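Chemist: For reference, the structure I am asking about is given below.
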Amino acid sequence: MAVSPTVDPAEPQDLAAFDPQSGSRVERVLFNNRLIVVCLCLVMTLVLGWQASALRLNASFEKTIPRQHPFIAAYMEHQQDLRGLGNAVRIVVSNGGRSIYEAAYLDTLRQINDAVFLTPGVDRSFMKSLWTPNTRWIGVTEDGMDGGPVIPDGYDGSAASLGQLRVNVARSGEIGQIVALDGTSSALYVPLLSALPDGTPFDYAAFSQKLEEIRQRFERPGLTLHVTGFAKIVGDLIDGLREVLLFLAVAIVITTVCVLWFTRCVRSTALVVVSSMTAVVWQLGLLPTLGMALDPYSILVPFLVFAIGMSHGAQKMNGIMQDIGRGVHKYVAARLTFRRLFLAGLTALLADAVGFAVLLVIDIQVIRELAIAASLGVAVLIFTNLILLPILLSYTGVSAAAAARSLKTDNARQTTGVKHPVWAFLDRFTRREGAMVAVLGGVALAAVGLWGAEGLKIGDLDPGAPELRPDSRYNRDVAYINAHYGASSDVFAVMVETKGDGSCAGYEALRRLDALEWELRQLEGVETTNSLAQLNRDVLSGLNEANPKWGELIKNQAMLNFVTAGAPRGLYNEACTLLTLFVYLKDHKADTLDRVVARVERFAADNDTPDIRFRLAAGSAGIEAATNIVVKQAWRQMLYLVYGAVMLLSFVTFRSWRAVLVAVLPLMLTSVLAEALMVWLGMGVKVATLPVIALGVGIGVDYALYILSVTLAMMRAGMGLSEAYYRALIFTGKVVILTGVTLAAAVATWAFSDIKFQADMGILLAFMFLWNMVGALVLLPALAYLLLPGGASPATETSAATGKGTANNSMADKDTTANSMANGWTA
Amino acid sequence: MRRCNGAARIALAGALALGGFAFAGAAGAAPVAEPLDRPATLVRQPERAAFQALAAAGGRLVAVGERGVIALSDDKGASWRQAKVPVSVTLTAVAFPTPTLGWAVGHYGVVLHSRDGGESWVKQLDGVAAARIIADSLPKDGPSHRIGQLVEEGPDKPFLDLFFPTADTGFIVGAFGLALRTDDGGKSWSSLTLALPNPDGLHLYAIRAGRGNAGDQTLYIAGEQGLLLRSDDGGHGFTRLSTPYRGSWFTAAVDASGALVLGGLRGNAFRSTDRGESWQPIELPAPVSVTAATSGSGRLLLANQAGQILMARDGATPVAPLPTPPLPTPTGLLDSGDGGLVVATLRGLWRVPQPNR
């Protein structure tokens, strides 16, 4: 494969002399039917563009879960019995610091309750607030137990009924749950269905919008609504996607301006942008065609496709421009460039596609969909930017002034013998001292990077929703709720399976559960717990006139059965074969989750019996723990696979393991440094950041493939490393710098995004674009010097030592193939 | 409205009476032991556990609570550390007749004893042994006594209060009228259950000594459904007194003058200056149960389930809530001896400023 030097020495420069039957079969088919190709692409664009208009923005809770993980498998097994645990929002209605026992507040709360109740997707039977009948109080009188809904019978907003409500709430056990600890707000707990009764999937965007409408409608001075929960995060993210489109537009403008500045040719710049945009349209059109939606996690894919498209398109355009500058006819120039770069481009794109496809091994649906979307997008680029673009350029050509300019530096050097200072600087790395400095520098950086990356954490590191900025409305709401309610929103649930109907009330199961609960409460990061064992303690006290001295789990099976019979569902299931232990955590940091998981696993190992099994895990934190475990495992696995794929493709291209090392080692340095950067910036490895490094490797290899393939071709043709590398720089290096800088600048703007993980991705990607470029330009020649056969050959040294001015002449002394190559590349 | 009235009560008694116990033996590497055999876990924040009672051991404060947690403070309640306790049951009461010798009682019929001011504890008695003592005391040929059925069921019944006039003599009272007495510092116990005029086996929640003239041998036991018993002979014979409320008494206090105060269900509190013969109501601001009471330094302090702490000067009936933030379910009150007041609650131990003296 590679850039095979198939250019005929007597390559004709004008159209009449060009043999349309020359070149590869692919080239002949495409260019001899170029109008048909253009028309087909136009039709595709129209069809897929129409499809793209049906693209939905959505996210699904289930899709962010690693479904094969044992925790999740256990959760799925018991999902019916754990309804409402997986996915719920909490709406806190705050009375502006005043007590909630005011008629006006309660009236508004009732209206909010009704509005939320009627919102599609709400699991109404499990919804809970002061106004739902399942919020009950239990009390004692001289005659025994008494109980009822907390809203008293015949509530009329009078001082008496407000007073009764206050008393009922005090004995409902809901303080810290439904009513804030300080009594100035109350909450609506709103579990969500995963699908509506008619089977359509839950629409997060619509639900979130409904919540915002409710917020708009009822908020007034002194009465605020605070909303938390996965659905709200996703809603905010989907809102943020509109902003993402703006960033996409900014990126396109920056990139276009840079390319235009580079080429000074409106025509060709427009074509590169249009073909890259075409790829984006196709990719977006293919998603709904395949039944997929765009979710917040795959939102970066269109930009990636565009970025990669720009990189390859600019390479094509640069080649054609240089040929035209040398006086070649635009059609011939397009074909010759296609001939030279198609395989390199194809290899690079395939490397990208494989690199992205590697993400499919990760058992998290959103990452898989991102992998599919990115692979599709890259595959599409083969058509739009490797085929359509040269064909379009063969029609339009480039502006003559731009074409002439593109050769200026090279011509200048040929006439004056002076390389452009940038190339002269980079040339140093092909020599002994420069190469040693670069490689040693690289090793030192790798050491620093590895040291820095030691502290890399798995999972979310920030409280609240790390997808959003710490000062976002959502995270302020989370902070408010955590401050005013004892229990946090980070719930870790342990499932205790018992054998036989009614067995969940057994003393053996309950006392083990009770012991585990107490052990967990001693862990740092565990705020409180709840279970049927705890309920037994509370209810026994309740049955004894609420005397607190009776708070104990007593060894009396009849009593335990009696308490269990009256206990609310949720702590155990209908058949009484499953107990749930709820562990409320201070945060969902990996350390906190690891502690809980480790303790429960150890307890289970010691205490599981044939009839009693402790199983992890459900609840938001339980699912997060499973996700962390999968992400941690996937992290290394993914890197091995993506590097394996890239190395395999590089080997197929270069047929030399030395060349593979030259191409891949700079990428590895980038990966290591990116991990160190993540530590430094406080980013954890999670669903949102996991793909970025794989993507970074895939994109980075492009640069190396373009530069190294040309360098190798030149060296095989007999040139020394210095000259071969210089040729590669002239031919492709300029574009590598161009794309590296412009794409980095474009993604760097994401740092201003309201979506935290997009900002994180932007910073990481900008770093990887830039550093991969530096690696390709500095480390690659240095490694080539050290590793490639002939890299440090005396011929090179001599050629270099002879002086820059004689380079062209010394080249001319080499064999004819090299000479013809030189002609082919530089006229 | 769900009104269970007697149903729950009957179910409770029935459940306890009928409770047969059958469970499969546990397998596994090192499964957790049952609460009577499991030393109390060292907890992260001992001062935030659920506590049931407080006592002074000389200058040291000792608090007992859930799952065998016993917390000690040598700085008047500013900081707490956890003692070594051989059981993990809820402890309900504690007393130190001397600065070093103390006893604590709790669920599963447990009696713990410390000889080092609360640092370490040993189990002196548990529900199994207590049941045997009580069963042995029952007349063999008499009519089947309800107590007799109850004691056969194993260690599922709690002791709820204790009183040690000396380091040798002590009384413990508990659920279903269970009561024991020791005269050798807990080495041996004898049943007091049948000596109590409590044929229905009502729960006994509080035991207090009268504090009249020197040599006062008065003992009071207060409990469920308005039960009040008095002994005039140092706990050998008891008589039943009538009280002006049929709800349960949860706590009691005797002030320096010997006046008895009972606090109970739904904000009912009464004072008697004639050893329980006649009563004056104490008006409380909220109809919620009184769960703790203490008397000293010329004033009475009551705590209710709403978390209020109420104060009255001795002999004066008006009570006023202290300006403290509501404390979650107070269970015990103790003068820390330095102008502070330590409150045991279900959410930990709190030090609040003492009202002006």
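For the structure tokens, the naming scheme is as follows: chains receive sequential letters (A, B, ...) according to their order of presentation, residues are indexed from 1 within each chain, and ligands are indexed from 1 in presentation order.
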Hey, what's within 6 Å of Asp123 in chain A if we count only C-alpha atoms and toss same-chain stuff fewer than 4 positions away? As a ChimeraX atom specification, please?

Modeler: /A:191-193

Chemist: Create the file for the chosen residues now, containing C-alpha atoms and written as a PDB file, in the first residue's frame.

Modeler:
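Written out: result-v7.pdb:
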```pdb
ATOM      1  CA  PRO A 191     -40.036   8.156  39.809  1.00  0.00           C
ATOM      2  CA  LEU A 192     -40.008   7.853  36.036  1.00  0.00           C
ATOM      3  CA  LEU A 193     -41.093   5.121  33.663  1.00  0.00           C
TER       4      LEU A 193
END
```

Chemist: Restrict the distance test to only C-alpha atoms, flag each residue of chain A within 7 Å of chain B, and return the flagged residues as number ranges by chain.

Modeler: A: 142-148, 508, 512, 522, 543, 549, 552, 554-559, 606-609

Chemist: What does the file look like for those residues with N, CA and C atoms, as a PDB file, in the first residue's frame?

Modeler:
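Below is the file selection.pdb, written as the result:
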```
ATOM      1  N   GLU A 142     -53.486   6.726  73.773  1.00  0.00           N
ATOM      2  CA  GLU A 142     -53.679   5.832  74.908  1.00  0.00           C
ATOM      3  C   GLU A 142     -54.316   4.526  74.447  1.00  0.00           C
ATOM      4  N   ASP A 143     -54.996   4.586  73.289  1.00  0.00           N
ATOM      5  CA  ASP A 143     -55.732   3.405  72.844  1.00  0.00           C
ATOM      6  C   ASP A 143     -54.941   2.569  71.856  1.00  0.00           C
ATOM      7  N   GLY A 144     -53.802   3.042  71.426  1.00  0.00           N
ATOM      8  CA  GLY A 144     -53.032   2.249  70.464  1.00  0.00           C
ATOM      9  C   GLY A 144     -52.528   3.089  69.328  1.00  0.00           C
ATOM     10  N   MET A 145     -52.388   2.400  68.190  1.00  0.00           N
ATOM     11  CA  MET A 145     -51.787   3.068  67.040  1.00  0.00           C
ATOM     12  C   MET A 145     -52.838   3.852  66.277  1.00  0.00           C
ATOM     13  N   ASP A 146     -52.360   4.916  65.668  1.00  0.00           N
ATOM     14  CA  ASP A 146     -53.241   5.729  64.849  1.00  0.00           C
ATOM     15  C   ASP A 146     -52.421   6.147  63.641  1.00  0.00           C
ATOM     16  N   GLY A 147     -53.086   6.390  62.524  1.00  0.00           N
ATOM     17  CA  GLY A 147     -52.315   6.791  61.353  1.00  0.00           C
ATOM     18  C   GLY A 147     -53.208   7.292  60.245  1.00  0.00           C
ATOM     19  N   GLY A 148     -52.593   7.888  59.234  1.00  0.00           N
ATOM     20  CA  GLY A 148     -53.349   8.396  58.090  1.00  0.00           C
ATOM     21  C   GLY A 148     -52.452   9.238  57.212  1.00  0.00           C
ATOM     22  N   GLU A 508     -32.748 -14.516  60.825  1.00  0.00           N
ATOM     23  CA  GLU A 508     -31.379 -14.711  60.354  1.00  0.00           C
ATOM     24  C   GLU A 508     -31.036 -13.711  59.259  1.00  0.00           C
ATOM     25  N   ARG A 512     -28.499 -10.238  59.888  1.00  0.00           N
ATOM     26  CA  ARG A 512     -27.333 -10.047  59.032  1.00  0.00           C
ATOM     27  C   ARG A 512     -27.418  -8.690  58.318  1.00  0.00           C
ATOM     28  N   GLN A 522     -20.477   2.935  59.343  1.00  0.00           N
ATOM     29  CA  GLN A 522     -19.193   3.373  59.907  1.00  0.00           C
ATOM     30  C   GLN A 522     -18.210   3.791  58.820  1.00  0.00           C
ATOM     31  N   LEU A 543     -44.770   0.584  68.074  1.00  0.00           N
ATOM     32  CA  LEU A 543     -45.813  -0.282  68.640  1.00  0.00           C
ATOM     33  C   LEU A 543     -45.873  -0.150  70.148  1.00  0.00           C
ATOM     34  N   LYS A 549     -37.000   3.617  73.834  1.00  0.00           N
ATOM     35  CA  LYS A 549     -36.226   2.519  74.421  1.00  0.00           C
ATOM     36  C   LYS A 549     -36.485   1.187  73.735  1.00  0.00           C
ATOM     37  N   GLU A 552     -35.112  -1.676  68.777  1.00  0.00           N
ATOM     38  CA  GLU A 552     -34.205  -2.828  68.644  1.00  0.00           C
ATOM     39  C   GLU A 552     -34.818  -3.821  67.662  1.00  0.00           C
ATOM     40  N   ILE A 554     -35.617  -7.289  67.531  1.00  0.00           N
ATOM     41  CA  ILE A 554     -35.666  -8.340  68.559  1.00  0.00           C
ATOM     42  C   ILE A 554     -35.777  -9.708  67.917  1.00  0.00           C
ATOM     43  N   LYS A 555     -35.326 -10.690  68.694  1.00  0.00           N
ATOM     44  CA  LYS A 555     -35.292 -12.055  68.181  1.00  0.00           C
ATOM     45  C   LYS A 555     -36.620 -12.726  68.495  1.00  0.00           C
ATOM     46  N   ASN A 556     -37.616 -12.340  67.733  1.00  0.00           N
ATOM     47  CA  ASN A 556     -38.938 -12.901  67.953  1.00  0.00           C
ATOM     48  C   ASN A 556     -39.627 -12.938  66.599  1.00  0.00           C
ATOM     49  N   GLN A 557     -39.677 -14.138  66.009  1.00  0.00           N
ATOM     50  CA  GLN A 557     -40.104 -14.245  64.617  1.00  0.00           C
ATOM     51  C   GLN A 557     -41.526 -13.746  64.408  1.00  0.00           C
ATOM     52  N   ALA A 558     -42.416 -14.015  65.354  1.00  0.00           N
ATOM     53  CA  ALA A 558     -43.805 -13.582  65.179  1.00  0.00           C
ATOM     54  C   ALA A 558     -43.877 -12.050  65.117  1.00  0.00           C
ATOM     55  N   MET A 559     -43.055 -11.427  65.969  1.00  0.00           N
ATOM     56  CA  MET A 559     -43.014  -9.965  65.967  1.00  0.00           C
ATOM     57  C   MET A 559     -42.465  -9.443  64.643  1.00  0.00           C
ATOM     58  N   ASP A 606     -18.641 -13.596  53.739  1.00  0.00           N
ATOM     59  CA  ASP A 606     -18.690 -14.209  55.065  1.00  0.00           C
ATOM     60  C   ASP A 606     -20.093 -14.644  55.465  1.00  0.00           C
ATOM     61  N   ASN A 607     -21.097 -14.030  54.910  1.00  0.00           N
ATOM     62  CA  ASN A 607     -22.436 -14.209  55.449  1.00  0.00           C
ATOM     63  C   ASN A 607     -23.464 -14.819  54.513  1.00  0.00           C
ATOM     64  N   ASP A 608     -23.110 -14.972  53.235  1.00  0.00           N
ATOM     65  CA  ASP A 608     -24.067 -15.620  52.343  1.00  0.00           C
ATOM     66  C   ASP A 608     -24.300 -17.051  52.807  1.00  0.00           C
ATOM     67  N   THR A 609     -25.542 -17.467  52.757  1.00  0.00           N
ATOM     68  CA  THR A 609     -25.869 -18.859  53.051  1.00  0.00           C
ATOM     69  C   THR A 609     -26.671 -19.363  51.848  1.00  0.00           C
TER      70      THR A 609
END
```

Chemist: Hey, what does DSSP flag as alpha helix (DSSP H) within range 411-562 of chain A? Can you give it to me as a ChimeraX atom specification?

Modeler: /A:411-416,421-427,432-453,473-484,507-521,532-543,557-562

Chemist: Which residue out of B:Arg208, B:Arg275, B:Arg48, B:His236 has the minimum interatomic distance to Ala253 in chain B when only C-alpha atoms are used?

Modeler: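 Among the listed residues, the smallest separation from Ala253 in chain B belongs to B:Arg208.
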
Chemist: Please identify all polymer residues within 10 Å of Ala465 in chain A, counting only C-alpha atoms, omitting same-chain residues fewer than 2 positions from it, and present them as a tab-separated table (two decimals) with N, CA and C atoms, in the first residue's frame.

Modeler:
```
chain	number	residue	atom	x	y	z
A	228	THR	N	-33.64	17.99	40.83
A	228	THR	CA	-32.46	17.15	40.60
A	228	THR	C	-32.89	15.79	40.10
A	229	GLY	N	-31.95	15.08	39.53
A	229	GLY	CA	-32.22	13.74	39.01
A	229	GLY	C	-31.65	13.59	37.61
A	230	PHE	N	-31.43	12.33	37.23
A	230	PHE	CA	-30.81	12.06	35.93
A	230	PHE	C	-31.60	12.72	34.80
A	233	ILE	N	-30.69	16.28	34.48
A	233	ILE	CA	-29.34	16.43	33.92
A	233	ILE	C	-29.41	16.29	32.41
A	460	ASP	N	-16.62	9.84	38.61
A	460	ASP	CA	-16.89	11.26	38.80
A	460	ASP	C	-16.17	11.76	40.04
A	461	LEU	N	-15.57	12.92	39.92
A	461	LEU	CA	-14.82	13.44	41.05
A	461	LEU	C	-15.53	14.61	41.73
A	462	ASP	N	-16.48	15.20	41.05
A	462	ASP	CA	-17.14	16.38	41.62
A	462	ASP	C	-18.47	15.98	42.22
A	463	PRO	N	-18.91	16.72	43.23
A	463	PRO	CA	-20.26	16.47	43.73
A	463	PRO	C	-21.29	16.93	42.70
A	467	GLU	N	-21.40	16.34	34.77
A	467	GLU	CA	-21.59	16.72	33.38
A	467	GLU	C	-21.74	18.23	33.25
A	468	LEU	N	-22.24	18.82	34.34
A	468	LEU	CA	-22.52	20.26	34.30
A	468	LEU	C	-21.51	20.99	35.18
A	469	ARG	N	-21.42	22.27	34.96
A	469	ARG	CA	-20.45	23.05	35.72
A	469	ARG	C	-20.88	23.17	37.19
A	470	PRO	N	-19.90	23.29	38.09
A	470	PRO	CA	-20.24	23.35	39.52
A	470	PRO	C	-21.22	24.48	39.85
A	472	SER	N	-23.58	25.62	37.87
A	472	SER	CA	-24.79	25.58	37.04
A	472	SER	C	-26.01	25.54	37.94
A	474	TYR	N	-28.36	23.48	37.95
A	474	TYR	CA	-28.60	22.13	38.43
A	474	TYR	C	-27.76	21.82	39.66
A	475	ASN	N	-26.48	22.12	39.57
A	475	ASN	CA	-25.61	21.76	40.69
A	475	ASN	C	-25.86	22.63	41.91
A	478	VAL	N	-28.67	20.85	43.48
A	478	VAL	CA	-28.18	19.67	44.21
A	478	VAL	C	-27.61	20.09	45.57
A	588	HIS	N	-20.43	10.62	45.11
A	588	HIS	CA	-20.27	9.39	44.32
A	588	HIS	C	-18.84	9.30	43.78
A	756	LYS	N	-19.92	20.63	31.30
A	756	LYS	CA	-18.57	20.45	31.81
A	756	LYS	C	-17.80	19.40	31.02
```

Chemist: Set out as CSV a contact list for range 79-98 of chain B and range 58-63 of chain B with a cut-off of 12 Å, giving each residue of range 79-98 of chain B that qualifies its closest atom pair and distance in Å to one decimal, counting only C-alpha atoms, ordered by chain and rising residue number.

Modeler:
```
residue,atom,partner,partner_atom,distance
B:Ser79,CA,B:Leu61,CA,10.3
B:Trp80,CA,B:Leu61,CA,9.0
B:Arg81,CA,B:Val62,CA,9.8
B:Gln82,CA,B:Ala63,CA,9.6
B:Ala83,CA,B:Val62,CA,9.3
B:Thr90,CA,B:Ala63,CA,11.9
B:Leu91,CA,B:Ala63,CA,9.4
B:Thr92,CA,B:Ala63,CA,9.7
B:Ala93,CA,B:Ala63,CA,8.6
B:Val94,CA,B:Ala63,CA,7.5
B:Ala95,CA,B:Val62,CA,8.7
B:Phe96,CA,B:Gly58,CA,8.2
B:Pro97,CA,B:Gly58,CA,9.2
B:Thr98,CA,B:Gly58,CA,7.1
```

Chemist: Which of these, B:Ala292, B:Leu310, B:Ala167, B:Val261, has the shortest distance to Ala344 in chain B once you count only C-alpha atoms?

Modeler: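 Ranked by minimum distance to Ala344 in chain B, first place goes to B:Ala292.
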
Chemist: One decimal, in Å: what's the spacing between CA of Gly291 in chain A and CA of Arg56 in chain A?

Modeler: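 CA of Gly291 in chain A sits 9.8 Å away from CA of Arg56 in chain A.
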
Chemist: When you look at Glu47 in chain B with a cut-off of 7 Å (counting only C-alpha atoms), what residues show up, excluding the ones that are within fewer than 6 positions of it in the same chain? I need them as a PyMOL selection string.

Modeler: chain B and resi 71+80+348-349

Chemist: Leaving out Val630 in chain A and any residue of its chain fewer than 6 positions from it, which residues lie within 12 Å of it when counting only C-alpha atoms, given as a PyMOL selection string?

Modeler: chain A and resi 64-72+361-364+367+458-459+623-624+636-638+685-687+690

Chemist: If you count only C-alpha atoms, which residues fall within 10 Å of range 198-206 of chain A, apart from same-chain ones fewer than 3 positions away, as a PyMOL selection string?

Modeler: chain A and resi 56-61+119-122+192-195+209-212+230-239

Chemist: Looking only at strand (DSSP E or B) from DSSP on the backbone, list the matching residues of range 6-118 of chain A as a PyMOL selection string.

Modeler: chain A and resi 57+88-94

Chemist: May I have the residues from that selection written out with N, CA and C atoms, as a short mmCIF file (atom, residue, chain, number, x, y, z; two decimals), in the first residue's frame?

Modeler:
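Printed below is again36.cif as written:
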```
data_model
loop_
_atom_site.label_atom_id
_atom_site.label_comp_id
_atom_site.auth_asym_id
_atom_site.auth_seq_id
_atom_site.Cartn_x
_atom_site.Cartn_y
_atom_site.Cartn_z
N LEU A 57 -32.68 14.28 19.46
CA LEU A 57 -31.69 14.41 20.53
C LEU A 57 -32.29 13.71 21.74
N ALA A 88 -35.32 8.67 38.96
CA ALA A 88 -36.34 9.53 39.53
C ALA A 88 -35.82 10.96 39.57
N VAL A 89 -36.72 11.91 39.61
CA VAL A 89 -36.30 13.28 39.87
C VAL A 89 -36.90 13.71 41.20
N ARG A 90 -36.23 14.63 41.83
CA ARG A 90 -36.72 15.20 43.06
C ARG A 90 -36.94 16.69 42.82
N ILE A 91 -38.13 17.15 43.11
CA ILE A 91 -38.45 18.57 42.94
C ILE A 91 -38.66 19.14 44.34
N VAL A 92 -37.83 20.07 44.70
CA VAL A 92 -37.97 20.68 46.02
C VAL A 92 -38.58 22.07 45.84
N VAL A 93 -39.67 22.29 46.55
CA VAL A 93 -40.34 23.58 46.48
C VAL A 93 -40.01 24.33 47.76
N SER A 94 -39.24 25.41 47.62
CA SER A 94 -38.77 26.13 48.78
C SER A 94 -39.61 27.38 49.01
#
```

Chemist: Within 12 Å of Leu202 in chain B, counting only C-alpha atoms, which residues qualify if same-chain residues fewer than 4 places away don't, as a list in words?

Modeler: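 Counting only the stated atoms, we get Asn544 of chain A; Arg9, Ala13, Arg146, Ile147, Val173, Gly174, Ala175, Phe176, Gly177, Leu178, Ala179, Thr193, Leu196, Pro197, Asn198, Ile221, Ala222, Gly223, Glu224, Gln225, Gly226, Leu227, Leu228, Leu229, Gly247, Ser248 and Trp249 of chain B.
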
Chemist: Since we have the selection now, will you write its residues out, keeping N, CA and C atoms, as a compact mmCIF listing (two decimals), in the first residue's frame?

Modeler:
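Dumped to out03.txt:
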```txt
# COMPACT_ATOMS: atom_id res chain seq x y z
N ASN A 544 -44.79 0.31 70.73
CA ASN A 544 -44.77 0.49 72.18
C ASN A 544 -44.91 1.97 72.52
N ARG B 9 -51.64 -3.68 70.04
CA ARG B 9 -51.23 -4.06 71.39
C ARG B 9 -51.39 -5.57 71.58
N ALA B 13 -48.44 -8.40 72.04
CA ALA B 13 -48.37 -9.36 73.14
C ALA B 13 -48.47 -10.77 72.58
N ARG B 146 -49.03 -15.48 83.35
CA ARG B 146 -48.65 -14.99 82.03
C ARG B 146 -47.14 -14.80 81.93
N ILE B 147 -46.55 -14.36 83.02
CA ILE B 147 -45.10 -14.18 83.04
C ILE B 147 -44.41 -15.49 82.69
N VAL B 173 -35.58 -3.33 86.05
CA VAL B 173 -36.98 -3.54 85.64
C VAL B 173 -37.04 -3.54 84.13
N GLY B 174 -38.08 -4.19 83.60
CA GLY B 174 -38.16 -4.28 82.16
C GLY B 174 -39.55 -4.53 81.64
N ALA B 175 -39.58 -5.06 80.42
CA ALA B 175 -40.84 -5.29 79.74
C ALA B 175 -41.64 -6.37 80.42
N PHE B 176 -42.94 -6.32 80.26
CA PHE B 176 -43.86 -7.34 80.76
C PHE B 176 -43.72 -7.59 82.26
N GLY B 177 -43.35 -6.52 82.97
CA GLY B 177 -43.29 -6.61 84.42
C GLY B 177 -42.08 -7.32 84.97
N LEU B 178 -41.11 -7.62 84.10
CA LEU B 178 -39.92 -8.31 84.60
C LEU B 178 -39.17 -7.39 85.55
N ALA B 179 -38.72 -7.95 86.70
CA ALA B 179 -37.93 -7.18 87.65
C ALA B 179 -37.02 -8.13 88.41
N THR B 193 -40.36 -10.10 90.18
CA THR B 193 -41.55 -9.96 89.34
C THR B 193 -42.83 -10.24 90.11
N LEU B 196 -44.36 -7.72 92.59
CA LEU B 196 -44.99 -6.50 92.11
C LEU B 196 -46.47 -6.72 91.87
N PRO B 197 -47.30 -5.83 92.37
CA PRO B 197 -48.74 -5.94 92.09
C PRO B 197 -49.04 -5.50 90.65
N ASN B 198 -48.62 -6.34 89.70
CA ASN B 198 -48.71 -6.00 88.27
C ASN B 198 -49.16 -7.24 87.52
N ILE B 221 -41.68 2.62 91.08
CA ILE B 221 -41.57 2.03 89.74
C ILE B 221 -42.75 2.54 88.92
N ALA B 222 -42.46 3.19 87.77
CA ALA B 222 -43.54 3.70 86.92
C ALA B 222 -43.51 2.94 85.60
N GLY B 223 -44.70 2.82 85.00
CA GLY B 223 -44.73 2.04 83.76
C GLY B 223 -45.96 2.31 82.93
N GLU B 224 -46.30 1.28 82.18
CA GLU B 224 -47.38 1.35 81.20
C GLU B 224 -48.73 1.61 81.84
N GLN B 225 -49.60 2.25 81.06
CA GLN B 225 -51.01 2.41 81.41
C GLN B 225 -51.21 2.98 82.81
N GLY B 226 -50.45 4.00 83.11
CA GLY B 226 -50.62 4.71 84.37
C GLY B 226 -50.11 3.96 85.59
N LEU B 227 -49.34 2.90 85.37
CA LEU B 227 -48.86 2.08 86.49
C LEU B 227 -47.87 2.85 87.36
N LEU B 228 -48.11 2.85 88.67
CA LEU B 228 -47.13 3.38 89.60
C LEU B 228 -47.11 2.48 90.84
N LEU B 229 -45.92 1.97 91.15
CA LEU B 229 -45.76 1.11 92.31
C LEU B 229 -44.82 1.80 93.29
N GLY B 247 -52.64 6.78 80.56
CA GLY B 247 -51.58 6.53 79.59
C GLY B 247 -50.29 6.15 80.29
N SER B 248 -49.29 5.84 79.50
CA SER B 248 -48.06 5.30 80.08
C SER B 248 -47.15 6.39 80.59
N TRP B 249 -46.43 6.03 81.70
CA TRP B 249 -45.35 6.87 82.21
C TRP B 249 -44.05 6.37 81.60
```
